[in-house]
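Asker: I have a structure I would like to understand better, so I am pasting it below and will then ask my questions one at a time.
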Amino acid sequence: MATDTHTCTNTADNYSCHASPVALIDHVAIKHNIARLRQLLTYGQSNHTPRIWAVAKADAYGHTLELAYPGLCSADGLAVLTLDDVRHCRALGWTGPILAMSPQISRAELKDPVLYPLHLIIDHAEQLAHLAALNPRFAPHVWLRFRASLNHAGFNQTDYRKAYAFLQTALREGRLAGLGHLQHYASAEIAEQLRKERQAFQALIGGMPGSVCSENSAALLSDHAAAAATDWVRSGIAVYGISPLHGMSGHDLGLRPAMVLQAPVYGIQVLGAGEFLGYNSRFQATRQTRVGLVRCGYAHGYPRGLAEGCEVMVYGRKATIIGRVSMDTLTIDLSDLPDVSCNAMVTLWGTHELPIETVARQADTIPAQLCTALTARVPRLAMP
Ligand SMILES: *Cc1c(COP(=O)(O)O)cnc(C)c1O
């Protein structure tokens with residue numbers, strides 16, 4: 001029976017034999033991106049350069065702490081969410097500063113020497129009592145968080161001043177290793193909003209001594225002169241090579257993507273003119289159409305709601321996704337790529353030609369959502 005329709009057997013002995021998508025993680029790119037941020041922050045004649053927290057929450061934005069770590073460790077410190085995350089970083093061998101951005105603290109909890117040098121974000125009043133009771137042998141550096149216009153966590157202006165006075169006493173008594181000012185922007189990617197938010201923070205902290213940690217990736221990339229005047233920056237998305245700025249790719253900013261998502265072609269179907277493809281018959285062939293079945297779908301974290309015309313790369317050329325993305329399969333038009341057959345690896349995002357920023361735009365979301373939404377069914381592997 002001569003037919004173009006078949007499914008494949010896995011023969012290749014490299015990672016293309018994966019019957020699932022795979023995300024390849026490039027720690028060298030992470031190292032490059034941190035060096036690039038450092039370069040941007042080294043501004044003018046001043047020999048003051050802020051230190052860099054590499055933000056590694058959500059398992060290093062889906063890249064996994066383990067695989068990202070050899071790159072992340074070129075930062076000055078690692079920023080994570082919880083004290084358990086801090087222990088995870090210590091288990092990987094990190095002995096430098098770690099910032100716990102949303103820690104559940106208690107006096108007993110903070111007596112674990114493995115946590116130090118430890119920095120904590122203090123964003124609500126209940127945390128203060130625990131800090132006041134600390135033994136000076138276990139003194140964290142604390143960052144007081146202004147709630148700013150994001151209004152997720154943090155103190156309003158009045159409570160901020162009170163908490164600051166309280167913590168200054170603890171600092172003088174040797175119960176803290178340091179005390180600084182921190183906020184997180186709501187709209188750092190919009191220049192006008194960024195200026196306003198920055199001004200509000202400056203107005204609040206003027207006259208209260210302490211180091212400053214206010215800049216995320218978007219803020220420091222859109223105004224690195226202002227970021228260079230602070231003491232620590234917190235960068236997540238840019239560390240992974242992804243642009244937080246509208247209309248710009250990581251490449252435009254001198255960054256390199258640290259994740260390439262690939263998936264194998266597991267079958268070929270040929271549609272006659274007029275035939276439909278996929279759920280809801282969203283695609284109808286207008287001519288004979290050679291369809292590649294790619295093993296990746298929304299159950300792997302690939303977005304279902306893509307706009308028409310979203311592309312993938314295969315053998316260095318572009319192919320278009322046609323039909324609905326389903327649970328385990330997406331379908332691509334291979335009519336003009338007759339040499340692409342079973343087991344070919346398709347790149348879904350993470351190269352200069354196909355940045356994750358483009359896929360995110362076509363899925364009406366942001367890149368950080370795509371890379372953190374990859375499910376456990378997508379193995380993360382070190383880039384060979
Ligand atoms: C996630 C996060 C960051 C990093 O933000 P990016 O935009 O990814 O650079 C910084 N600070 C806080 C408090 C965060 O939650």
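Ordering of the structure tokens sets the chain letters (A, B, ...), residue numbers begin anew at 1 in every chain, and ligands are numbered from 1 in the order given.
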Residues near A:Leu293, anyone? I mean within 10 Å using only C-alpha atoms, not counting same-chain ones fewer than 6 positions away, as an MDAnalysis selection string.
Answerer: chainID A and resid 7 264:269 328:334 341:342
Asker: Quick one: residues within 10 Å of ligand 1, with only C-alpha atoms and all ligand atoms, as number ranges by chain?
Answerer: A: 53-58, 61, 79-81, 99-102, 121, 145, 152-153, 182-189, 213-221, 233-240, 242-245, 368
Asker: Hey, which of A:Leu337, A:Leu83, A:Ile25, A:Met313 ends up closest to A:Ala60? Count only C-alpha atoms.
Answerer: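 The answer is A:Ile25, which sits nearest to A:Ala60.
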Asker: Counting only C-alpha atoms, which of A:Gln193, A:Gln284, A:Gln127, A:Thr365 gets nearest to A:Pro103?
Answerer: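 That would be A:Gln127, the residue with the smallest distance to A:Pro103.
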Asker: Neighbours of stretch 115-119 of chain A within 8 Å (only C-alpha atoms; same-chain residues fewer than 5 positions away dropped), as a PyMOL selection string?
Answerer: chain A and resi 83+86-87+90+95-100+110+138+140-143
Asker: Write down as a compact mmCIF listing (two decimals) with N, CA, C and O atoms, in the first residue's frame the residues belonging to stretch 69-288 of chain A that are assigned strand (DSSP E or B) by DSSP computed on the backbone.
Answerer:
```
# COMPACT_ATOMS: atom_id res chain seq x y z
N GLY A 77 24.19 37.41 43.60
CA GLY A 77 23.31 36.74 44.54
C GLY A 77 22.17 36.09 43.78
O GLY A 77 21.92 36.41 42.61
N LEU A 78 21.49 35.16 44.43
CA LEU A 78 20.33 34.49 43.84
C LEU A 78 19.08 34.96 44.59
O LEU A 78 19.11 35.07 45.83
N ALA A 79 18.02 35.24 43.86
CA ALA A 79 16.77 35.67 44.48
C ALA A 79 15.70 34.62 44.21
O ALA A 79 15.45 34.26 43.05
N VAL A 80 15.10 34.12 45.30
CA VAL A 80 14.08 33.08 45.19
C VAL A 80 12.89 33.49 46.07
O VAL A 80 12.89 34.59 46.63
N ILE A 98 21.72 35.11 49.30
CA ILE A 98 20.44 34.70 48.70
C ILE A 98 19.36 35.61 49.26
O ILE A 98 19.30 35.86 50.47
N LEU A 99 18.52 36.07 48.36
CA LEU A 99 17.39 36.92 48.74
C LEU A 99 16.12 36.07 48.72
O LEU A 99 15.75 35.52 47.67
N ALA A 100 15.46 35.95 49.88
CA ALA A 100 14.16 35.30 49.94
C ALA A 100 13.11 36.39 49.80
O ALA A 100 13.00 37.26 50.66
N LEU A 118 22.01 35.65 54.29
CA LEU A 118 20.60 35.66 53.92
C LEU A 118 20.05 37.08 53.87
O LEU A 118 20.29 37.88 54.78
N HIS A 119 19.35 37.38 52.80
CA HIS A 119 18.63 38.64 52.67
C HIS A 119 17.13 38.32 52.64
O HIS A 119 16.74 37.34 52.00
N LEU A 120 16.35 39.16 53.30
CA LEU A 120 14.90 38.92 53.36
C LEU A 120 14.15 40.15 52.90
O LEU A 120 14.52 41.27 53.28
N ILE A 121 13.10 39.95 52.15
CA ILE A 121 12.17 41.05 51.89
C ILE A 121 11.15 41.06 53.01
O ILE A 121 10.54 40.02 53.32
N ILE A 122 11.00 42.23 53.64
CA ILE A 122 10.03 42.38 54.72
C ILE A 122 8.88 43.21 54.17
O ILE A 122 9.06 44.36 53.77
N HIS A 141 20.18 40.28 56.39
CA HIS A 141 20.06 41.62 55.80
C HIS A 141 18.60 41.76 55.37
O HIS A 141 18.07 40.87 54.71
N VAL A 142 17.94 42.83 55.79
CA VAL A 142 16.52 42.95 55.41
C VAL A 142 16.30 44.10 54.44
O VAL A 142 17.00 45.12 54.48
N TRP A 143 15.33 43.89 53.58
CA TRP A 143 14.90 44.88 52.59
C TRP A 143 13.43 45.17 52.85
O TRP A 143 12.58 44.28 52.76
N LEU A 144 13.19 46.42 53.19
CA LEU A 144 11.82 46.84 53.46
C LEU A 144 11.13 47.12 52.13
O LEU A 144 11.67 47.82 51.29
N ARG A 145 9.95 46.54 51.96
CA ARG A 145 9.28 46.68 50.67
C ARG A 145 8.14 47.69 50.72
O ARG A 145 7.20 47.55 51.50
N PHE A 146 8.26 48.68 49.85
CA PHE A 146 7.18 49.65 49.65
C PHE A 146 6.16 49.01 48.72
O PHE A 146 6.51 48.38 47.73
N PHE A 155 4.49 47.76 52.45
CA PHE A 155 3.92 48.75 53.37
C PHE A 155 3.51 50.01 52.62
O PHE A 155 4.21 50.43 51.70
N GLY A 178 21.94 44.33 57.79
CA GLY A 178 21.80 45.51 56.93
C GLY A 178 20.33 45.81 56.75
O GLY A 178 19.46 44.98 57.05
N LEU A 179 20.07 47.04 56.26
CA LEU A 179 18.68 47.48 56.08
C LEU A 179 18.62 48.30 54.79
O LEU A 179 19.37 49.26 54.65
N GLY A 180 17.76 47.89 53.88
CA GLY A 180 17.67 48.62 52.61
C GLY A 180 16.23 48.84 52.18
O GLY A 180 15.29 48.33 52.80
N HIS A 181 16.09 49.63 51.12
CA HIS A 181 14.79 50.00 50.58
C HIS A 181 14.50 49.21 49.30
O HIS A 181 15.37 49.12 48.42
N LEU A 182 13.29 48.71 49.17
CA LEU A 182 12.96 47.89 48.01
C LEU A 182 11.54 48.17 47.54
O LEU A 182 10.64 48.45 48.34
N SER A 211 20.64 51.15 51.59
CA SER A 211 20.87 50.86 50.18
C SER A 211 19.53 50.66 49.48
O SER A 211 18.49 50.50 50.12
N VAL A 212 19.57 50.68 48.14
CA VAL A 212 18.35 50.68 47.35
C VAL A 212 18.35 49.51 46.37
O VAL A 212 19.35 49.25 45.69
N CYS A 213 17.23 48.80 46.31
CA CYS A 213 17.05 47.69 45.38
C CYS A 213 15.66 47.83 44.77
O CYS A 213 14.66 47.47 45.39
N SER A 214 15.59 48.40 43.58
CA SER A 214 14.29 48.74 43.02
C SER A 214 14.09 48.29 41.58
O SER A 214 12.97 48.32 41.08
N GLU A 215 15.17 47.87 40.89
CA GLU A 215 15.06 47.72 39.44
C GLU A 215 14.90 46.26 39.03
O GLU A 215 15.68 45.40 39.44
N TRP A 232 21.51 47.31 44.33
CA TRP A 232 21.30 45.94 43.83
C TRP A 232 20.16 46.02 42.81
O TRP A 232 19.18 46.74 43.05
N VAL A 233 20.26 45.28 41.71
CA VAL A 233 19.11 45.13 40.81
C VAL A 233 18.61 43.69 40.93
O VAL A 233 19.36 42.80 41.31
N ARG A 234 17.33 43.50 40.62
CA ARG A 234 16.76 42.14 40.62
C ARG A 234 16.32 41.83 39.20
O ARG A 234 15.35 42.39 38.71
N SER A 235 17.08 40.96 38.53
CA SER A 235 16.73 40.67 37.15
C SER A 235 16.39 39.20 36.98
O SER A 235 17.15 38.32 37.36
N MET A 259 16.74 29.04 26.61
CA MET A 259 15.91 27.84 26.46
C MET A 259 15.49 27.69 25.00
O MET A 259 14.99 28.64 24.40
N VAL A 260 15.73 26.50 24.45
CA VAL A 260 15.20 26.17 23.13
C VAL A 260 14.19 25.04 23.32
O VAL A 260 14.53 24.00 23.91
N LEU A 261 12.97 25.26 22.87
CA LEU A 261 11.95 24.21 22.96
C LEU A 261 11.86 23.50 21.62
O LEU A 261 11.66 24.14 20.58
N GLN A 262 12.04 22.20 21.66
CA GLN A 262 12.00 21.40 20.43
C GLN A 262 11.03 20.24 20.60
O GLN A 262 10.81 19.77 21.72
N ALA A 263 10.48 19.77 19.49
CA ALA A 263 9.58 18.61 19.55
C ALA A 263 9.70 17.83 18.25
O ALA A 263 9.95 18.41 17.19
N PRO A 264 9.54 16.52 18.33
CA PRO A 264 9.72 15.69 17.14
C PRO A 264 8.45 15.60 16.28
O PRO A 264 7.33 15.62 16.79
N VAL A 265 8.68 15.47 14.97
CA VAL A 265 7.60 15.09 14.06
C VAL A 265 7.35 13.59 14.27
O VAL A 265 8.29 12.80 14.19
N TYR A 266 6.10 13.23 14.60
CA TYR A 266 5.85 11.79 14.82
C TYR A 266 4.98 11.18 13.73
O TYR A 266 4.75 9.97 13.71
N GLY A 267 4.55 11.98 12.81
CA GLY A 267 3.75 11.43 11.72
C GLY A 267 3.52 12.46 10.64
O GLY A 267 3.72 13.65 10.85
N ILE A 268 3.11 11.96 9.48
CA ILE A 268 2.80 12.82 8.33
C ILE A 268 1.41 12.45 7.84
O ILE A 268 1.08 11.26 7.77
N GLN A 269 0.60 13.44 7.55
CA GLN A 269 -0.71 13.20 6.93
C GLN A 269 -0.77 14.06 5.66
O GLN A 269 -0.25 15.17 5.66
N VAL A 270 -1.41 13.50 4.63
CA VAL A 270 -1.62 14.33 3.44
C VAL A 270 -3.11 14.59 3.27
O VAL A 270 -3.91 13.64 3.22
N LEU A 271 -3.48 15.84 3.25
CA LEU A 271 -4.88 16.23 3.08
C LEU A 271 -5.14 16.55 1.63
O LEU A 271 -4.31 17.19 0.98
N PHE A 276 -10.53 18.82 6.13
CA PHE A 276 -10.33 19.61 7.35
C PHE A 276 -9.21 19.01 8.19
O PHE A 276 -8.84 17.85 8.00
N LEU A 277 -8.74 19.79 9.14
CA LEU A 277 -7.68 19.33 10.03
C LEU A 277 -7.96 19.78 11.46
O LEU A 277 -8.23 20.96 11.70
N PHE A 283 -9.02 24.39 10.36
CA PHE A 283 -8.25 24.53 9.11
C PHE A 283 -8.88 23.68 8.02
O PHE A 283 -9.24 22.53 8.24
N GLN A 284 -9.04 24.27 6.83
CA GLN A 284 -9.50 23.51 5.67
C GLN A 284 -8.47 23.69 4.55
O GLN A 284 -8.10 24.82 4.21
```
Asker: What separation in Å, quoted to one decimal, exists between atom CA of A:Thr230 and atom CA of A:Ala165?
Answerer: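 These two atoms are separated by 21.5 Å.
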Asker: Give me, as a PDB file with all heavy atoms, in the first residue's frame, all polymer residues having an atom no more than 12 Å from A:Glu66, counting only C-alpha atoms and skipping those fewer than 5 positions away in the same chain.
Answerer:
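Result written to around-v9.pdb:
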```
ATOM      1  N   ILE A  25      18.515  23.664  27.824  1.00  0.00           N
ATOM      2  CA  ILE A  25      18.856  24.822  28.663  1.00  0.00           C
ATOM      3  C   ILE A  25      20.342  25.138  28.511  1.00  0.00           C
ATOM      4  O   ILE A  25      21.202  24.270  28.697  1.00  0.00           O
ATOM      5  CB  ILE A  25      18.522  24.536  30.149  1.00  0.00           C
ATOM      6  CG1 ILE A  25      17.063  24.070  30.299  1.00  0.00           C
ATOM      7  CG2 ILE A  25      18.811  25.769  31.001  1.00  0.00           C
ATOM      8  CD1 ILE A  25      16.016  25.017  29.747  1.00  0.00           C
ATOM      9  N   ASP A  26      20.612  26.393  28.182  1.00  0.00           N
ATOM     10  CA  ASP A  26      21.971  26.831  27.873  1.00  0.00           C
ATOM     11  C   ASP A  26      22.491  27.743  28.988  1.00  0.00           C
ATOM     12  O   ASP A  26      22.229  28.941  28.996  1.00  0.00           O
ATOM     13  CB  ASP A  26      21.938  27.573  26.529  1.00  0.00           C
ATOM     14  CG  ASP A  26      23.311  28.028  26.085  1.00  0.00           C
ATOM     15  OD1 ASP A  26      24.307  27.701  26.771  1.00  0.00           O
ATOM     16  OD2 ASP A  26      23.388  28.714  25.047  1.00  0.00           O
ATOM     17  N   HIS A  27      23.261  27.148  29.906  1.00  0.00           N
ATOM     18  CA  HIS A  27      23.744  27.974  31.033  1.00  0.00           C
ATOM     19  C   HIS A  27      24.794  28.978  30.577  1.00  0.00           C
ATOM     20  O   HIS A  27      25.012  30.000  31.224  1.00  0.00           O
ATOM     21  CB  HIS A  27      24.253  27.086  32.175  1.00  0.00           C
ATOM     22  CG  HIS A  27      25.465  26.279  31.840  1.00  0.00           C
ATOM     23  ND1 HIS A  27      26.721  26.811  31.845  1.00  0.00           N
ATOM     24  CD2 HIS A  27      25.604  24.984  31.471  1.00  0.00           C
ATOM     25  CE1 HIS A  27      27.593  25.864  31.495  1.00  0.00           C
ATOM     26  NE2 HIS A  27      26.928  24.761  31.266  1.00  0.00           N
ATOM     27  N   ALA A  56      15.501  33.680  40.432  1.00  0.00           N
ATOM     28  CA  ALA A  56      15.375  32.275  40.028  1.00  0.00           C
ATOM     29  C   ALA A  56      14.106  31.647  40.594  1.00  0.00           C
ATOM     30  O   ALA A  56      14.028  30.444  40.805  1.00  0.00           O
ATOM     31  CB  ALA A  56      16.611  31.496  40.474  1.00  0.00           C
ATOM     32  N   ASP A  59      11.356  27.933  39.764  1.00  0.00           N
ATOM     33  CA  ASP A  59      12.380  27.012  39.259  1.00  0.00           C
ATOM     34  C   ASP A  59      13.130  27.640  38.085  1.00  0.00           C
ATOM     35  O   ASP A  59      13.224  27.067  36.987  1.00  0.00           O
ATOM     36  CB  ASP A  59      11.768  25.655  38.875  1.00  0.00           C
ATOM     37  CG  ASP A  59      12.779  24.515  39.031  1.00  0.00           C
ATOM     38  OD1 ASP A  59      13.840  24.732  39.649  1.00  0.00           O
ATOM     39  OD2 ASP A  59      12.502  23.404  38.539  1.00  0.00           O
ATOM     40  N   ALA A  60      13.672  28.828  38.372  1.00  0.00           N
ATOM     41  CA  ALA A  60      14.462  29.553  37.368  1.00  0.00           C
ATOM     42  C   ALA A  60      13.648  29.774  36.084  1.00  0.00           C
ATOM     43  O   ALA A  60      14.110  29.500  34.987  1.00  0.00           O
ATOM     44  CB  ALA A  60      15.790  28.861  37.089  1.00  0.00           C
ATOM     45  N   TYR A  61      12.453  30.323  36.289  1.00  0.00           N
ATOM     46  CA  TYR A  61      11.560  30.647  35.165  1.00  0.00           C
ATOM     47  C   TYR A  61      11.388  29.438  34.228  1.00  0.00           C
ATOM     48  O   TYR A  61      11.365  29.561  33.007  1.00  0.00           O
ATOM     49  CB  TYR A  61      12.080  31.861  34.377  1.00  0.00           C
ATOM     50  CG  TYR A  61      11.924  33.212  35.066  1.00  0.00           C
ATOM     51  CD1 TYR A  61      12.269  33.385  36.389  1.00  0.00           C
ATOM     52  CD2 TYR A  61      11.440  34.314  34.368  1.00  0.00           C
ATOM     53  CE1 TYR A  61      12.138  34.614  37.027  1.00  0.00           C
ATOM     54  CE2 TYR A  61      11.303  35.559  34.995  1.00  0.00           C
ATOM     55  CZ  TYR A  61      11.656  35.695  36.333  1.00  0.00           C
ATOM     56  OH  TYR A  61      11.530  36.914  36.962  1.00  0.00           O
ATOM     57  N   GLY A  71      25.163  28.943  35.207  1.00  0.00           N
ATOM     58  CA  GLY A  71      25.154  30.299  34.671  1.00  0.00           C
ATOM     59  C   GLY A  71      24.767  31.319  35.726  1.00  0.00           C
ATOM     60  O   GLY A  71      25.388  32.377  35.853  1.00  0.00           O
ATOM     61  N   LEU A  72      23.751  30.980  36.516  1.00  0.00           N
ATOM     62  CA  LEU A  72      23.255  31.908  37.548  1.00  0.00           C
ATOM     63  C   LEU A  72      24.346  32.282  38.538  1.00  0.00           C
ATOM     64  O   LEU A  72      24.352  33.378  39.089  1.00  0.00           O
ATOM     65  CB  LEU A  72      22.091  31.268  38.319  1.00  0.00           C
ATOM     66  CG  LEU A  72      20.803  31.009  37.533  1.00  0.00           C
ATOM     67  CD1 LEU A  72      19.800  30.263  38.413  1.00  0.00           C
ATOM     68  CD2 LEU A  72      20.203  32.317  37.020  1.00  0.00           C
ATOM     69  N   CYS A  73      25.296  31.366  38.755  1.00  0.00           N
ATOM     70  CA  CYS A  73      26.276  31.629  39.804  1.00  0.00           C
ATOM     71  C   CYS A  73      27.283  32.687  39.391  1.00  0.00           C
ATOM     72  O   CYS A  73      28.141  33.054  40.179  1.00  0.00           O
ATOM     73  CB  CYS A  73      26.917  30.339  40.313  1.00  0.00           C
ATOM     74  SG  CYS A  73      27.918  29.515  39.131  1.00  0.00           S
ATOM     75  N   HIS A  88      17.455  24.958  48.786  1.00  0.00           N
ATOM     76  CA  HIS A  88      17.697  24.305  47.491  1.00  0.00           C
ATOM     77  C   HIS A  88      18.955  24.892  46.830  1.00  0.00           C
ATOM     78  O   HIS A  88      19.814  24.167  46.328  1.00  0.00           O
ATOM     79  CB  HIS A  88      16.458  24.497  46.609  1.00  0.00           C
ATOM     80  CG  HIS A  88      16.477  23.703  45.343  1.00  0.00           C
ATOM     81  ND1 HIS A  88      15.418  23.667  44.464  1.00  0.00           N
ATOM     82  CD2 HIS A  88      17.433  22.930  44.763  1.00  0.00           C
ATOM     83  CE1 HIS A  88      15.728  22.900  43.438  1.00  0.00           C
ATOM     84  NE2 HIS A  88      16.938  22.448  43.588  1.00  0.00           N
ATOM     85  N   CYS A  89      19.072  26.224  46.866  1.00  0.00           N
ATOM     86  CA  CYS A  89      20.262  26.881  46.287  1.00  0.00           C
ATOM     87  C   CYS A  89      21.524  26.474  47.039  1.00  0.00           C
ATOM     88  O   CYS A  89      22.573  26.257  46.435  1.00  0.00           O
ATOM     89  CB  CYS A  89      20.123  28.396  46.318  1.00  0.00           C
ATOM     90  SG  CYS A  89      18.808  29.029  45.284  1.00  0.00           S
ATOM     91  N   ARG A  90      21.414  26.387  48.363  1.00  0.00           N
ATOM     92  CA  ARG A  90      22.586  25.960  49.153  1.00  0.00           C
ATOM     93  C   ARG A  90      22.981  24.536  48.783  1.00  0.00           C
ATOM     94  O   ARG A  90      24.158  24.218  48.687  1.00  0.00           O
ATOM     95  CB  ARG A  90      22.281  26.038  50.651  1.00  0.00           C
ATOM     96  CG  ARG A  90      22.033  27.444  51.187  1.00  0.00           C
ATOM     97  CD  ARG A  90      23.268  28.304  51.124  1.00  0.00           C
ATOM     98  NE  ARG A  90      23.027  29.647  51.645  1.00  0.00           N
ATOM     99  CZ  ARG A  90      23.495  30.770  51.094  1.00  0.00           C
ATOM    100  NH1 ARG A  90      24.257  30.716  50.005  1.00  0.00           N
ATOM    101  NH2 ARG A  90      23.234  31.941  51.621  1.00  0.00           N
ATOM    102  N   ALA A  91      21.981  23.678  48.563  1.00  0.00           N
ATOM    103  CA  ALA A  91      22.272  22.282  48.212  1.00  0.00           C
ATOM    104  C   ALA A  91      23.001  22.196  46.868  1.00  0.00           C
ATOM    105  O   ALA A  91      23.775  21.268  46.627  1.00  0.00           O
ATOM    106  CB  ALA A  91      20.982  21.467  48.170  1.00  0.00           C
ATOM    107  N   LEU A  92      22.785  23.185  46.009  1.00  0.00           N
ATOM    108  CA  LEU A  92      23.493  23.200  44.729  1.00  0.00           C
ATOM    109  C   LEU A  92      24.913  23.726  44.877  1.00  0.00           C
ATOM    110  O   LEU A  92      25.693  23.698  43.924  1.00  0.00           O
ATOM    111  CB  LEU A  92      22.736  24.065  43.710  1.00  0.00           C
ATOM    112  CG  LEU A  92      21.397  23.514  43.238  1.00  0.00           C
ATOM    113  CD1 LEU A  92      20.656  24.563  42.410  1.00  0.00           C
ATOM    114  CD2 LEU A  92      21.610  22.247  42.420  1.00  0.00           C
ATOM    115  N   GLY A  93      25.225  24.257  46.060  1.00  0.00           N
ATOM    116  CA  GLY A  93      26.596  24.681  46.305  1.00  0.00           C
ATOM    117  C   GLY A  93      26.790  26.181  46.406  1.00  0.00           C
ATOM    118  O   GLY A  93      27.912  26.655  46.576  1.00  0.00           O
ATOM    119  N   TRP A  94      25.714  26.948  46.302  1.00  0.00           N
ATOM    120  CA  TRP A  94      25.853  28.408  46.335  1.00  0.00           C
ATOM    121  C   TRP A  94      26.131  28.881  47.760  1.00  0.00           C
ATOM    122  O   TRP A  94      25.349  28.600  48.681  1.00  0.00           O
ATOM    123  CB  TRP A  94      24.573  29.065  45.811  1.00  0.00           C
ATOM    124  CG  TRP A  94      24.608  30.567  45.815  1.00  0.00           C
ATOM    125  CD1 TRP A  94      23.888  31.387  46.632  1.00  0.00           C
ATOM    126  CD2 TRP A  94      25.399  31.408  44.975  1.00  0.00           C
ATOM    127  NE1 TRP A  94      24.187  32.692  46.336  1.00  0.00           N
ATOM    128  CE2 TRP A  94      25.123  32.741  45.325  1.00  0.00           C
ATOM    129  CE3 TRP A  94      26.327  31.166  43.957  1.00  0.00           C
ATOM    130  CZ2 TRP A  94      25.724  33.829  44.701  1.00  0.00           C
ATOM    131  CZ3 TRP A  94      26.929  32.249  43.331  1.00  0.00           C
ATOM    132  CH2 TRP A  94      26.621  33.552  43.699  1.00  0.00           C
ATOM    133  N   ARG A 380      13.694  18.853  30.808  1.00  0.00           N
ATOM    134  CA  ARG A 380      14.665  19.942  30.603  1.00  0.00           C
ATOM    135  C   ARG A 380      16.034  19.254  30.574  1.00  0.00           C
ATOM    136  O   ARG A 380      16.367  18.507  31.501  1.00  0.00           O
ATOM    137  CB  ARG A 380      14.676  20.942  31.742  1.00  0.00           C
ATOM    138  CG  ARG A 380      13.472  21.826  32.100  1.00  0.00           C
ATOM    139  CD  ARG A 380      12.434  22.177  31.135  1.00  0.00           C
ATOM    140  NE  ARG A 380      11.191  21.539  31.507  1.00  0.00           N
ATOM    141  CZ  ARG A 380      10.234  22.061  32.278  1.00  0.00           C
ATOM    142  NH1 ARG A 380      10.366  23.282  32.752  1.00  0.00           N
ATOM    143  NH2 ARG A 380       9.144  21.388  32.573  1.00  0.00           N
ATOM    144  N   LEU A 381      16.802  19.529  29.532  1.00  0.00           N
ATOM    145  CA  LEU A 381      18.122  18.912  29.379  1.00  0.00           C
ATOM    146  C   LEU A 381      19.160  20.002  29.166  1.00  0.00           C
ATOM    147  O   LEU A 381      18.852  21.055  28.593  1.00  0.00           O
ATOM    148  CB  LEU A 381      18.157  17.983  28.164  1.00  0.00           C
ATOM    149  CG  LEU A 381      17.159  16.832  28.120  1.00  0.00           C
ATOM    150  CD1 LEU A 381      17.326  16.063  26.811  1.00  0.00           C
ATOM    151  CD2 LEU A 381      17.389  15.895  29.304  1.00  0.00           C
ATOM    152  N   ALA A 382      20.381  19.736  29.609  1.00  0.00           N
ATOM    153  CA  ALA A 382      21.456  20.691  29.348  1.00  0.00           C
ATOM    154  C   ALA A 382      21.724  20.738  27.852  1.00  0.00           C
ATOM    155  O   ALA A 382      21.732  19.694  27.179  1.00  0.00           O
ATOM    156  CB  ALA A 382      22.707  20.290  30.096  1.00  0.00           C
TER     157      ALA A 382
END
```
Asker: Please, which residues of stretch 35-280 of chain A, numbered as in this document, come out helix (DSSP H, G or I) from DSSP, as a PyMOL selection string?
Answerer: chain A and resi 35-41+57-61+65-72+83-91+109-111+113-115+126-132+157-172+191-205+217-222+224-228+237-240+251-253+279-280
Asker: Would you please work out which residue, of A:Glu192, A:Glu173, A:Glu197, A:Gly272, is nearest to A:Leu150 when using only C-alpha atoms?
Answerer: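 Nearest to A:Leu150: A:Glu197.
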